[in-house]
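Data file: final10.txt. Format and content: compact mmCIF, C-alpha atoms.
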# COMPACT_ATOMS: atom_id res chain seq x y z
CA MET A 1 6.49 -5.89 -10.16
CA ALA A 2 7.43 -9.59 -10.00
CA LEU A 3 7.74 -9.36 -6.19
CA LYS A 4 4.20 -8.00 -5.86
CA SER A 5 2.92 -10.85 -8.03
CA VAL A 6 4.63 -13.32 -5.68
CA PHE A 7 2.91 -11.64 -2.71
CA LEU A 8 -0.45 -11.95 -4.45
CA LEU A 9 0.14 -15.64 -5.07
CA ILE A 10 1.12 -16.24 -1.41
CA PHE A 11 -1.95 -14.41 -0.11
CA LEU A 12 -4.21 -16.39 -2.45
CA ILE A 13 -2.68 -19.76 -1.48
CA VAL A 14 -2.97 -18.99 2.25
CA ALA A 15 -6.52 -17.59 1.95
CA ILE A 16 -7.77 -20.54 -0.12
CA SER A 17 -6.10 -23.07 2.18
CA ILE A 18 -7.63 -21.50 5.30
CA PHE A 19 -11.05 -21.03 3.68
CA ARG A 20 -11.22 -24.70 2.70
CA LYS A 21 -10.68 -25.66 6.36
CA ARG A 22 -13.27 -23.20 7.64
CA SER A 23 -16.25 -24.73 9.50
CA PRO A 24 -18.96 -23.68 11.99
CA LYS A 25 -16.63 -24.87 14.75
CA ASN A 26 -13.74 -22.52 13.88
CA ASN A 27 -15.20 -19.65 11.86
CA PHE A 28 -15.49 -17.54 15.02
CA HIS A 29 -11.78 -16.74 14.64
CA LEU A 30 -10.85 -17.92 11.12
CA ASP A 31 -13.14 -15.36 9.49
CA TYR A 32 -11.17 -12.55 11.11
CA PHE A 33 -7.92 -14.09 9.90
CA LEU A 34 -9.32 -14.32 6.37
CA TYR A 35 -10.29 -10.64 6.50
CA HIS A 36 -6.73 -9.90 7.61
CA ILE A 37 -5.29 -11.80 4.62
CA LEU A 38 -7.72 -10.26 2.12
CA LEU A 39 -6.87 -6.74 3.27
CA LEU A 40 -3.16 -7.44 2.87
CA PHE A 41 -4.01 -8.80 -0.57
CA LEU A 42 -5.39 -5.39 -1.54
CA ILE A 43 -2.01 -3.66 -1.07
CA PRO A 44 -0.22 -5.36 -4.00
CA VAL A 45 -3.46 -5.10 -6.01
CA LEU A 46 -3.31 -1.32 -5.51
CA TYR A 47 0.33 -1.36 -6.56
CA ILE A 48 -0.44 -3.25 -9.78
CA PHE A 49 -3.29 -0.84 -10.52
CA LEU A 50 -0.89 2.05 -9.94
CA PHE A 51 1.74 0.44 -12.15
CA TYR A 52 -0.56 0.14 -15.17
CA PHE A 53 -2.85 3.15 -14.80
CA ASN A 54 -2.08 6.82 -14.21
CA THR A 55 -4.83 7.85 -11.77
CA LEU A 56 -5.41 9.85 -8.61
CA LEU A 57 -4.13 6.79 -6.74
CA ASP A 58 -0.63 8.04 -7.57
CA ARG A 59 -1.07 10.72 -4.93
CA PHE A 60 -2.98 8.68 -2.37
CA TYR A 61 -1.30 5.28 -2.67
CA PHE A 62 0.75 5.55 0.54
CA THR A 63 -2.23 6.80 2.54
CA LEU A 64 -4.53 4.08 1.20
CA GLY A 65 -1.87 1.43 1.76
CA ALA A 66 -1.26 2.57 5.33
CA GLY A 67 -4.98 2.64 6.11
CA ILE A 68 -5.52 -0.85 4.71
CA HIS A 69 -2.51 -2.13 6.67
CA ILE A 70 -3.90 -0.72 9.94
CA LEU A 71 -7.27 -2.40 9.28
CA SER A 72 -5.44 -5.67 8.66
CA PHE A 73 -3.82 -5.26 12.10
CA VAL A 74 -7.25 -4.81 13.65
CA PHE A 75 -8.55 -8.06 12.13
CA MET A 76 -5.41 -9.92 13.19
CA ILE A 77 -6.00 -8.74 16.77
CA LEU A 78 -9.65 -9.85 16.58
CA HIS A 79 -8.52 -13.24 15.28
CA VAL A 80 -6.11 -13.67 18.20
CA GLU A 81 -8.62 -12.50 20.80
CA SER A 82 -11.31 -14.81 19.42
CA SER A 83 -8.95 -17.79 19.26
CA VAL A 84 -7.83 -17.35 22.84
CA LYS A 85 -11.25 -16.62 24.34
CA GLY A 86 -13.15 -19.30 22.41
CA TYR A 87 -15.84 -17.03 20.97
CA LYS A 88 -16.11 -14.30 18.34
CA ALA A 89 -14.63 -11.13 19.81
CA LYS A 90 -16.58 -7.93 19.18
CA ILE A 91 -15.00 -4.79 17.74
CA ASN A 92 -14.55 -2.27 20.54
CA ALA A 93 -13.06 1.19 21.05
CA HIS A 94 -9.51 -0.18 21.37
CA HIS A 95 -9.81 -1.57 17.84
CA ILE A 96 -11.55 1.26 16.04
CA ILE A 97 -10.30 4.49 17.66
CA PRO A 98 -6.70 4.14 16.40
CA PHE A 99 -8.05 3.75 12.84
CA ILE A 100 -10.29 6.81 13.29
CA ILE A 101 -7.29 8.79 14.56
CA PHE A 102 -5.34 7.71 11.47
CA LEU A 103 -8.20 8.88 9.22
CA VAL A 104 -8.35 12.28 10.93
CA PHE A 105 -4.63 12.96 10.58
CA ALA A 106 -4.55 11.49 7.06
CA THR A 107 -7.31 13.95 6.09
CA LEU A 108 -5.27 16.83 7.54
CA ASP A 109 -2.33 15.54 5.52
CA LEU A 110 -4.34 16.07 2.33
CA TYR A 111 -4.43 19.78 3.22
CA ASN A 112 -0.67 19.84 3.92
CA ILE A 113 -1.18 19.93 7.69
CA TYR A 114 1.49 17.66 9.12
CA ILE A 115 2.14 16.45 12.66
CA PHE A 116 5.55 15.15 11.54
CA ASN A 117 6.99 17.88 9.34
CA HIS A 118 10.23 16.20 8.33
CA PRO A 119 10.65 15.20 4.65
CA THR A 120 12.35 11.97 3.77
CA ALA A 121 15.55 12.11 1.75
CA GLN A 122 14.56 8.92 -0.09
CA GLU A 123 13.08 9.23 -3.57
CA LEU A 124 11.59 5.76 -3.81
CA PHE A 125 9.57 3.38 -1.64
CA TYR A 126 10.80 0.17 -3.21
CA ASP A 127 10.14 1.12 -6.86
CA ILE A 128 7.32 3.60 -6.21
CA GLU A 129 8.20 7.27 -6.58
CA ILE A 130 7.70 9.36 -3.44
CA ILE A 131 5.95 12.42 -4.87
CA ASN A 132 5.63 14.37 -1.60
CA PRO A 133 8.53 13.53 0.78
CA THR A 134 6.96 15.36 3.75
CA SER A 135 3.55 13.75 3.31
CA PHE A 136 5.16 10.32 2.96
CA ASN A 137 7.02 10.61 6.27
CA ASN A 138 3.98 12.10 7.97
CA ILE A 139 1.72 9.22 6.91
CA LEU A 140 4.41 6.69 7.86
CA PHE A 141 4.77 8.29 11.31
CA ILE A 142 0.99 8.33 11.93
CA LYS A 143 0.73 4.69 10.84
CA GLN A 144 3.53 3.66 13.16
CA ILE A 145 2.07 5.48 16.17
CA THR A 146 -1.46 4.10 15.71
CA SER A 147 -0.10 0.62 14.95
CA ALA A 148 2.12 0.73 18.05
CA TYR A 149 -0.99 1.26 20.18
CA LEU A 150 -2.76 -1.67 18.51
CA TYR A 151 0.21 -3.95 19.02
CA ALA A 152 0.56 -2.91 22.66
CA TYR A 153 -3.12 -3.73 23.10
CA LEU A 154 -2.57 -7.11 21.43
CA ILE A 155 0.37 -7.98 23.69
CA ASN A 156 -1.55 -7.00 26.83
CA SER A 157 -4.70 -8.88 25.82
CA TYR A 158 -2.78 -11.99 24.80
CA ARG A 159 -0.68 -12.17 27.96
CA LYS A 160 -3.77 -11.76 30.16
CA ASN A 161 -5.79 -14.51 28.48
CA ILE A 162 -3.56 -17.16 26.90
CA LYS A 163 -2.83 -19.16 30.09
CA LYS A 164 -6.51 -19.72 30.83
CA SER A 165 -7.50 -20.36 27.21
CA ALA A 166 -9.39 -23.62 26.73
CA THR A 167 -9.50 -23.41 22.94
CA VAL A 168 -5.78 -22.84 22.26
CA LYS A 169 -4.36 -26.14 23.45
CA LYS A 170 -0.96 -25.95 21.74
CA LYS A 171 0.01 -22.73 23.43
CA ASN A 172 3.70 -22.88 22.47
CA ILE A 173 2.92 -23.02 18.76
CA TYR A 174 0.33 -20.27 18.94
CA THR A 175 2.53 -18.05 21.12
CA LEU A 176 5.34 -18.39 18.58
CA TRP A 177 2.85 -17.34 15.89
CA VAL A 178 1.70 -14.24 17.77
CA TYR A 179 5.10 -13.07 18.97
CA SER A 180 6.70 -13.65 15.55
CA TYR A 181 4.07 -11.32 14.11
CA ILE A 182 4.77 -8.69 16.78
CA SER A 183 8.56 -9.00 16.47
CA LEU A 184 8.41 -8.46 12.72
CA PHE A 185 6.35 -5.33 13.28
CA ILE A 186 9.02 -3.94 15.62
CA LEU A 187 11.73 -4.76 13.07
CA SER A 188 9.70 -3.06 10.36
CA VAL A 189 9.28 0.11 12.45
CA LEU A 190 13.01 0.30 13.11
CA CYS A 191 13.97 -0.30 9.48
CA ASN A 192 11.48 2.31 8.24
CA ALA A 193 12.76 4.83 10.79
CA PHE A 194 16.40 4.23 9.89
CA LEU A 195 15.75 4.48 6.15
CA PHE A 196 13.14 7.23 5.84
CA TYR A 197 13.58 9.47 8.89
CA GLY A 198 17.18 10.34 8.09
CA PHE A 199 18.86 8.75 11.11
CA PHE A 200 21.72 7.82 8.77
CA ASP A 201 23.09 9.67 5.74
CA ALA A 202 22.77 8.37 2.18
CA GLY A 203 26.10 6.59 2.42
CA TYR A 204 24.40 3.81 4.40
CA ASN A 205 21.66 3.21 1.82
CA PHE A 206 23.51 0.24 0.39
CA ILE A 207 22.86 -1.50 3.74
CA LEU A 208 19.53 0.03 4.73
CA ILE A 209 17.63 -0.51 1.46
CA PRO A 210 18.36 -4.27 1.18
CA LEU A 211 17.68 -4.68 4.91
CA HIS A 212 14.35 -2.88 4.53
CA THR A 213 13.42 -5.14 1.61
CA VAL A 214 14.30 -8.31 3.57
CA VAL A 215 12.23 -7.22 6.58
CA MET A 216 9.27 -6.39 4.34
CA MET A 217 9.49 -9.86 2.76
CA MET A 218 9.70 -11.44 6.23
CA ASN A 219 6.49 -9.63 7.18
CA ILE A 220 4.80 -11.37 4.27
CA PHE A 221 6.50 -14.74 4.43
CA TYR A 222 5.92 -15.21 8.17
CA PHE A 223 2.80 -17.10 7.06
CA ILE A 224 4.95 -19.88 5.64
CA ALA A 225 7.91 -19.38 7.99
CA THR A 226 5.73 -20.81 10.77
CA PRO A 227 3.94 -23.64 8.91
CA SER A 228 3.06 -25.50 12.11
CA ALA A 229 1.12 -22.47 13.34
CA LEU A 230 -0.60 -22.00 9.99
CA HIS A 231 -1.61 -25.67 10.03
CA TYR A 232 -2.80 -25.36 13.63
CA LEU A 233 -5.12 -22.36 13.16
CA PRO A 234 -8.11 -24.34 11.76
CA LEU A 235 -7.75 -26.79 14.66
CA ILE A 236 -8.62 -24.06 17.17
CA LYS A 237 -12.31 -24.72 17.52
CA VAL A 238 -15.27 -25.34 19.76
CA ASP A 239 -16.65 -28.85 19.51
CA ASN A 240 -20.29 -28.20 20.40
CA ILE A 241 -22.53 -25.20 19.86
CA LEU A 242 -25.86 -24.84 21.64
CA HIS A 243 -28.46 -22.16 20.95
CA VAL A 244 -30.22 -21.16 24.17
CA ALA A 245 -32.70 -18.28 24.30
CA ASN A 246 -31.36 -16.92 20.99
CA GLU A 247 -27.84 -16.73 22.36
CA VAL A 248 -24.92 -18.87 21.31
CA VAL A 249 -23.39 -20.91 24.10
CA THR A 250 -20.20 -22.84 23.33
CA LEU A 251 -19.21 -26.05 25.06
CA ILE A 252 -15.50 -26.77 24.87
CA VAL A 253 -14.60 -30.43 25.23

Now, as a test, write the supplied structure out as structure tokens.
Amino acid sequence: MALKSVFLLIFLIVAISIFRKRSPKNNFHLDYFLYHILLLFLIPVLYIFLFYFNTLLDRFYFTLGAGIHILSFVFMILHVESSVKGYKAKINAHHIIPFIIFLVFATLDLYNIYIFNHPTAQELFYDIEIINPTSFNNILFIKQITSAYLYAYLINSYRKNIKKSATVKKKNIYTLWVYSYISLFILSVLCNAFLFYGFFDAGYNFILIPLHTVVMMMNIFYFIATPSALHYLPLIKVDNILHVANEVVTLIV
């Protein structure tokens, strides 16, 4: 419970700090990053609600959490694309279809139709009881597959556009930011697979469970682990904005 409260505090500090530096010159990408943070903020909020109230969320917590996490990925991708291109990126099929696929298979999961029919041997996800071991692994698998596509899209889009970006001037700092985020996702996938898919027997739990906790914390604390990048984000901006024939034209100087 205390750990979730710490996460909430970190999200609030980061969100407030970024919001205070928001302006018409940088909101084309900062707004997406704020949406990303606020969605992540909802996950510990759901946990606290679950901790204090006995509701239907008990059954759907993992599905809701996974869906919110995927949406947060989408907004992080939109933030990166907007930052690199110098204008507000529009949501397209590459962003939304993976989330729709998750919703379809998550709905089938509610009716006990699984694409990954392999129950986890673990009884807890951190300190949350896993009520349906098969459903838990199924939702985790769907989340990882859809997220893997989104991250592959992010890598491809970033590599194609970063060198010619006129808005991201400190490319080394921003590249560290993006690839740290991607690397932590890969670590998280591996740790989840090792712990919940039964690649190792229970005798290794004394290693896997602490490792899983550390990686999860790293996924959260990467915001402050790269303070130079966090400080740099509001500085990615366009200096002049002209309105011509009802269309926004940005001049980067």

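Taking CA of Ile155 (chain A) as the reference point, CA of Phe75 (chain A) is found at 14.6 Å.
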
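Across the structure, CA of Ser72 (chain A) and CA of Ile236 (chain A) are spaced 20.5 Å apart.
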
Could you state the separation of CA of Thr146 (chain A) and CA of Ile115 (chain A) in Å, given to one decimal place? 13.2 Å

I need every residue sitting at most 9 Å from the point (-8.4, -7.9, 20.6) (coordinates as in the file, all atoms listed in the file considered), written as an MDAnalysis selection string. chainID A and resid 74:82 89:92 94:95 150 153:154 157:158

Give the answer as one residue: which of A:Lys170, A:Asn161, A:Leu190, A:Ile113 has the shortest atom-to-atom distance to Gln144 (chain A), using all atoms listed in the file? A:Leu190

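Comparing A:Tyr181, A:Tyr149, A:Phe49, A:Tyr197 by their smallest distance to Ile97 (chain A), the closest is A:Tyr149 (using all atoms listed in the file).
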
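Excluding Asn192 (chain A) itself and same-chain residues fewer than 4 positions from it, the residues having an atom within 12 Å of it are A:Thr120, A:Gln122, A:Phe125, A:Tyr126, A:Phe136, A:Asn137, A:Leu140, A:Phe141, A:Lys143, A:Gln144, A:Phe185, A:Ile186, A:Leu187, A:Ser188, A:Phe196, A:Tyr197, A:Gly198, A:Phe199, A:Phe200, A:Leu208, A:Ile209, A:Pro210, A:Leu211, A:His212, A:Thr213, A:Val214, A:Val215, A:Met216, counting only C-alpha atoms.
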
Go ahead and write the selection's residues with C-alpha atoms as a PDB file, in the frame of the given file.
ATOM      1  CA  THR A 120      12.350  11.970   3.770  1.00  0.00           C
ATOM      2  CA  GLN A 122      14.560   8.920  -0.090  1.00  0.00           C
ATOM      3  CA  PHE A 125       9.570   3.380  -1.640  1.00  0.00           C
ATOM      4  CA  TYR A 126      10.800   0.170  -3.210  1.00  0.00           C
ATOM      5  CA  PHE A 136       5.160  10.320   2.960  1.00  0.00           C
ATOM      6  CA  ASN A 137       7.020  10.610   6.270  1.00  0.00           C
ATOM      7  CA  LEU A 140       4.410   6.690   7.860  1.00  0.00           C
ATOM      8  CA  PHE A 141       4.770   8.290  11.310  1.00  0.00           C
ATOM      9  CA  LYS A 143       0.730   4.690  10.840  1.00  0.00           C
ATOM     10  CA  GLN A 144       3.530   3.660  13.160  1.00  0.00           C
ATOM     11  CA  PHE A 185       6.350  -5.330  13.280  1.00  0.00           C
ATOM     12  CA  ILE A 186       9.020  -3.940  15.620  1.00  0.00           C
ATOM     13  CA  LEU A 187      11.730  -4.760  13.070  1.00  0.00           C
ATOM     14  CA  SER A 188       9.700  -3.060  10.360  1.00  0.00           C
ATOM     15  CA  PHE A 196      13.140   7.230   5.840  1.00  0.00           C
ATOM     16  CA  TYR A 197      13.580   9.470   8.890  1.00  0.00           C
ATOM     17  CA  GLY A 198      17.180  10.340   8.090  1.00  0.00           C
ATOM     18  CA  PHE A 199      18.860   8.750  11.110  1.00  0.00           C
ATOM     19  CA  PHE A 200      21.720   7.820   8.770  1.00  0.00           C
ATOM     20  CA  LEU A 208      19.530   0.030   4.730  1.00  0.00           C
ATOM     21  CA  ILE A 209      17.630  -0.510   1.460  1.00  0.00           C
ATOM     22  CA  PRO A 210      18.360  -4.270   1.180  1.00  0.00           C
ATOM     23  CA  LEU A 211      17.680  -4.680   4.910  1.00  0.00           C
ATOM     24  CA  HIS A 212      14.350  -2.880   4.530  1.00  0.00           C
ATOM     25  CA  THR A 213      13.420  -5.140   1.610  1.00  0.00           C
ATOM     26  CA  VAL A 214      14.300  -8.310   3.570  1.00  0.00           C
ATOM     27  CA  VAL A 215      12.230  -7.220   6.580  1.00  0.00           C
ATOM     28  CA  MET A 216       9.270  -6.390   4.340  1.00  0.00           C
TER      29      MET A 216
END

Counting only C-alpha atoms, what is within 9 Å of Ile131 (chain A), bar same-chain residues fewer than 4 positions away, as a ChimeraX atom specification? /A:58-59,123-124,135-136

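Closest approach to His29 (chain A) among A:Lys169, A:Lys88, A:His118, A:Arg159: A:Lys88, based on only C-alpha atoms.
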
Box along x, y and z, 3 Å on every side, all listed atoms of region 115-127 of chain A inside: centre and edge lengths in Å to one decimal, as lines of an AutoDock Vina configuration file.
center_x = 8.8
center_y = 9.0
center_z = 2.9
size_x = 19.4
size_y = 23.7
size_z = 25.5

So that I can see what lies close to Phe102 (chain A), please list as an mmCIF file with C-alpha atoms, keeping the file's coordinate frame the residues with an atom at most 7 Å from it, counting all atoms listed in the file and leaving out residues fewer than 3 positions away in the same chain.
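For reference, around_12.cif as written:
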data_model
loop_
_atom_site.group_PDB
_atom_site.id
_atom_site.type_symbol
_atom_site.label_atom_id
_atom_site.label_comp_id
_atom_site.auth_asym_id
_atom_site.auth_seq_id
_atom_site.Cartn_x
_atom_site.Cartn_y
_atom_site.Cartn_z
ATOM 1 C CA PRO A 98 -6.700 4.140 16.400
ATOM 2 C CA PHE A 99 -8.050 3.750 12.840
ATOM 3 C CA PHE A 105 -4.630 12.960 10.580
ATOM 4 C CA ALA A 106 -4.550 11.490 7.060
ATOM 5 C CA ILE A 142 0.990 8.330 11.930
ATOM 6 C CA LYS A 143 0.730 4.690 10.840
ATOM 7 C CA THR A 146 -1.460 4.100 15.710
#

Distance cut-off 12 Å, centre (-9.1, -10.6, 5.2) in file coordinates, counting only C-alpha atoms: which residues qualify? Return them as JSON, numbers by chain. {"A": [11, 12, 14, 15, 16, 18, 19, 29, 30, 31, 32, 33, 34, 35, 36, 37, 38, 39, 40, 41, 42, 43, 68, 69, 71, 72, 73, 74, 75, 76, 78, 79]}

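With all atoms listed in the file as the atoms that count, the residue of A:Ile182, A:Leu46, A:Ile10, A:Ile70 with the shortest distance to Asn156 (chain A) is A:Ile182.
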
Would you mind putting N, CA and C atoms back on region 77-112 of chain A and writing the result as an mmCIF file, keeping the file's coordinate frame?
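selection10.cif was written with the following content:
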data_model
loop_
_atom_site.group_PDB
_atom_site.id
_atom_site.type_symbol
_atom_site.label_atom_id
_atom_site.label_comp_id
_atom_site.auth_asym_id
_atom_site.auth_seq_id
_atom_site.Cartn_x
_atom_site.Cartn_y
_atom_site.Cartn_z
ATOM 1 N N ILE A 77 -5.760 -8.807 15.319
ATOM 2 C CA ILE A 77 -6.000 -8.740 16.770
ATOM 3 C C ILE A 77 -7.309 -9.449 17.117
ATOM 4 N N LEU A 78 -8.361 -9.204 16.329
ATOM 5 C CA LEU A 78 -9.650 -9.850 16.580
ATOM 6 C C LEU A 78 -9.552 -11.366 16.415
ATOM 7 N N HIS A 79 -8.760 -11.796 15.446
ATOM 8 C CA HIS A 79 -8.520 -13.240 15.280
ATOM 9 C C HIS A 79 -7.868 -13.831 16.535
ATOM 10 N N VAL A 80 -6.822 -13.173 17.031
ATOM 11 C CA VAL A 80 -6.110 -13.670 18.200
ATOM 12 C C VAL A 80 -7.016 -13.671 19.423
ATOM 13 N N GLU A 81 -7.729 -12.578 19.646
ATOM 14 C CA GLU A 81 -8.620 -12.500 20.800
ATOM 15 C C GLU A 81 -9.702 -13.583 20.748
ATOM 16 N N SER A 82 -10.265 -13.789 19.568
ATOM 17 C CA SER A 82 -11.310 -14.810 19.420
ATOM 18 C C SER A 82 -10.759 -16.200 19.659
ATOM 19 N N SER A 83 -9.573 -16.473 19.094
ATOM 20 C CA SER A 83 -8.950 -17.790 19.260
ATOM 21 C C SER A 83 -8.723 -18.108 20.734
ATOM 22 N N VAL A 84 -8.191 -17.141 21.446
ATOM 23 C CA VAL A 84 -7.830 -17.350 22.840
ATOM 24 C C VAL A 84 -9.063 -17.464 23.735
ATOM 25 N N LYS A 85 -10.076 -16.653 23.469
ATOM 26 C CA LYS A 85 -11.250 -16.620 24.340
ATOM 27 C C LYS A 85 -12.270 -17.702 24.002
ATOM 28 N N GLY A 86 -12.236 -18.223 22.774
ATOM 29 C CA GLY A 86 -13.150 -19.300 22.410
ATOM 30 C C GLY A 86 -14.491 -18.836 21.886
ATOM 31 N N TYR A 87 -14.614 -17.560 21.572
ATOM 32 C CA TYR A 87 -15.840 -17.030 20.970
ATOM 33 C C TYR A 87 -15.469 -15.808 20.124
ATOM 34 N N LYS A 88 -16.390 -15.399 19.263
ATOM 35 C CA LYS A 88 -16.110 -14.300 18.340
ATOM 36 C C LYS A 88 -16.023 -12.981 19.094
ATOM 37 N N ALA A 89 -14.829 -12.404 19.122
ATOM 38 C CA ALA A 89 -14.630 -11.130 19.810
ATOM 39 C C ALA A 89 -15.325 -10.007 19.051
ATOM 40 N N LYS A 90 -15.901 -9.080 19.796
ATOM 41 C CA LYS A 90 -16.580 -7.930 19.180
ATOM 42 C C LYS A 90 -15.599 -6.767 19.016
ATOM 43 N N ILE A 91 -15.815 -5.992 17.962
ATOM 44 C CA ILE A 91 -15.000 -4.790 17.740
ATOM 45 C C ILE A 91 -15.346 -3.778 18.817
ATOM 46 N N ASN A 92 -14.320 -3.258 19.492
ATOM 47 C CA ASN A 92 -14.550 -2.270 20.540
ATOM 48 C C ASN A 92 -13.723 -1.012 20.273
ATOM 49 N N ALA A 93 -13.744 -0.101 21.223
ATOM 50 C CA ALA A 93 -13.060 1.190 21.050
ATOM 51 C C ALA A 93 -11.559 1.017 20.843
ATOM 52 N N HIS A 94 -10.952 0.046 21.509
ATOM 53 C CA HIS A 94 -9.510 -0.180 21.370
ATOM 54 C C HIS A 94 -9.138 -0.545 19.929
ATOM 55 N N HIS A 95 -10.075 -1.177 19.225
ATOM 56 C CA HIS A 95 -9.810 -1.570 17.840
ATOM 57 C C HIS A 95 -10.032 -0.414 16.870
ATOM 58 N N ILE A 96 -11.117 0.321 17.069
ATOM 59 C CA ILE A 96 -11.550 1.260 16.040
ATOM 60 C C ILE A 96 -10.985 2.671 16.204
ATOM 61 N N ILE A 97 -10.760 3.119 17.453
ATOM 62 C CA ILE A 97 -10.300 4.490 17.660
ATOM 63 C C ILE A 97 -8.944 4.769 17.007
ATOM 64 N N PRO A 98 -7.957 3.869 17.094
ATOM 65 C CA PRO A 98 -6.700 4.140 16.400
ATOM 66 C C PRO A 98 -6.885 4.348 14.888
ATOM 67 N N PHE A 99 -7.804 3.577 14.276
ATOM 68 C CA PHE A 99 -8.050 3.750 12.840
ATOM 69 C C PHE A 99 -8.715 5.101 12.575
ATOM 70 N N ILE A 100 -9.638 5.504 13.451
ATOM 71 C CA ILE A 100 -10.290 6.810 13.290
ATOM 72 C C ILE A 100 -9.258 7.933 13.421
ATOM 73 N N ILE A 101 -8.355 7.802 14.391
ATOM 74 C CA ILE A 101 -7.290 8.790 14.560
ATOM 75 C C ILE A 101 -6.436 8.877 13.302
ATOM 76 N N PHE A 102 -6.112 7.710 12.725
ATOM 77 C CA PHE A 102 -5.340 7.710 11.470
ATOM 78 C C PHE A 102 -6.105 8.465 10.383
ATOM 79 N N LEU A 103 -7.414 8.215 10.252
ATOM 80 C CA LEU A 103 -8.200 8.880 9.220
ATOM 81 C C LEU A 103 -8.224 10.393 9.406
ATOM 82 N N VAL A 104 -8.327 10.831 10.649
ATOM 83 C CA VAL A 104 -8.350 12.280 10.930
ATOM 84 C C VAL A 104 -7.047 12.929 10.491
ATOM 85 N N PHE A 105 -5.917 12.363 10.918
ATOM 86 C CA PHE A 105 -4.630 12.960 10.580
ATOM 87 C C PHE A 105 -4.280 12.769 9.100
ATOM 88 N N ALA A 106 -4.761 11.688 8.492
ATOM 89 C CA ALA A 106 -4.550 11.490 7.060
ATOM 90 C C ALA A 106 -5.335 12.527 6.257
ATOM 91 N N THR A 107 -6.522 12.900 6.746
ATOM 92 C CA THR A 107 -7.310 13.950 6.090
ATOM 93 C C THR A 107 -6.594 15.296 6.197
ATOM 94 N N LEU A 108 -6.050 15.587 7.378
ATOM 95 C CA LEU A 108 -5.270 16.830 7.540
ATOM 96 C C LEU A 108 -4.065 16.827 6.605
ATOM 97 N N ASP A 109 -3.480 15.670 6.409
ATOM 98 C CA ASP A 109 -2.330 15.540 5.520
ATOM 99 C C ASP A 109 -2.679 15.976 4.094
ATOM 100 N N LEU A 110 -3.909 15.689 3.667
ATOM 101 C CA LEU A 110 -4.340 16.070 2.330
ATOM 102 C C LEU A 110 -4.303 17.584 2.140
ATOM 103 N N TYR A 111 -4.453 18.306 3.255
ATOM 104 C CA TYR A 111 -4.430 19.780 3.220
ATOM 105 C C TYR A 111 -3.071 20.325 3.663
ATOM 106 N N ASN A 112 -2.061 19.457 3.591
ATOM 107 C CA ASN A 112 -0.670 19.840 3.920
ATOM 108 C C ASN A 112 -0.513 20.289 5.377
#
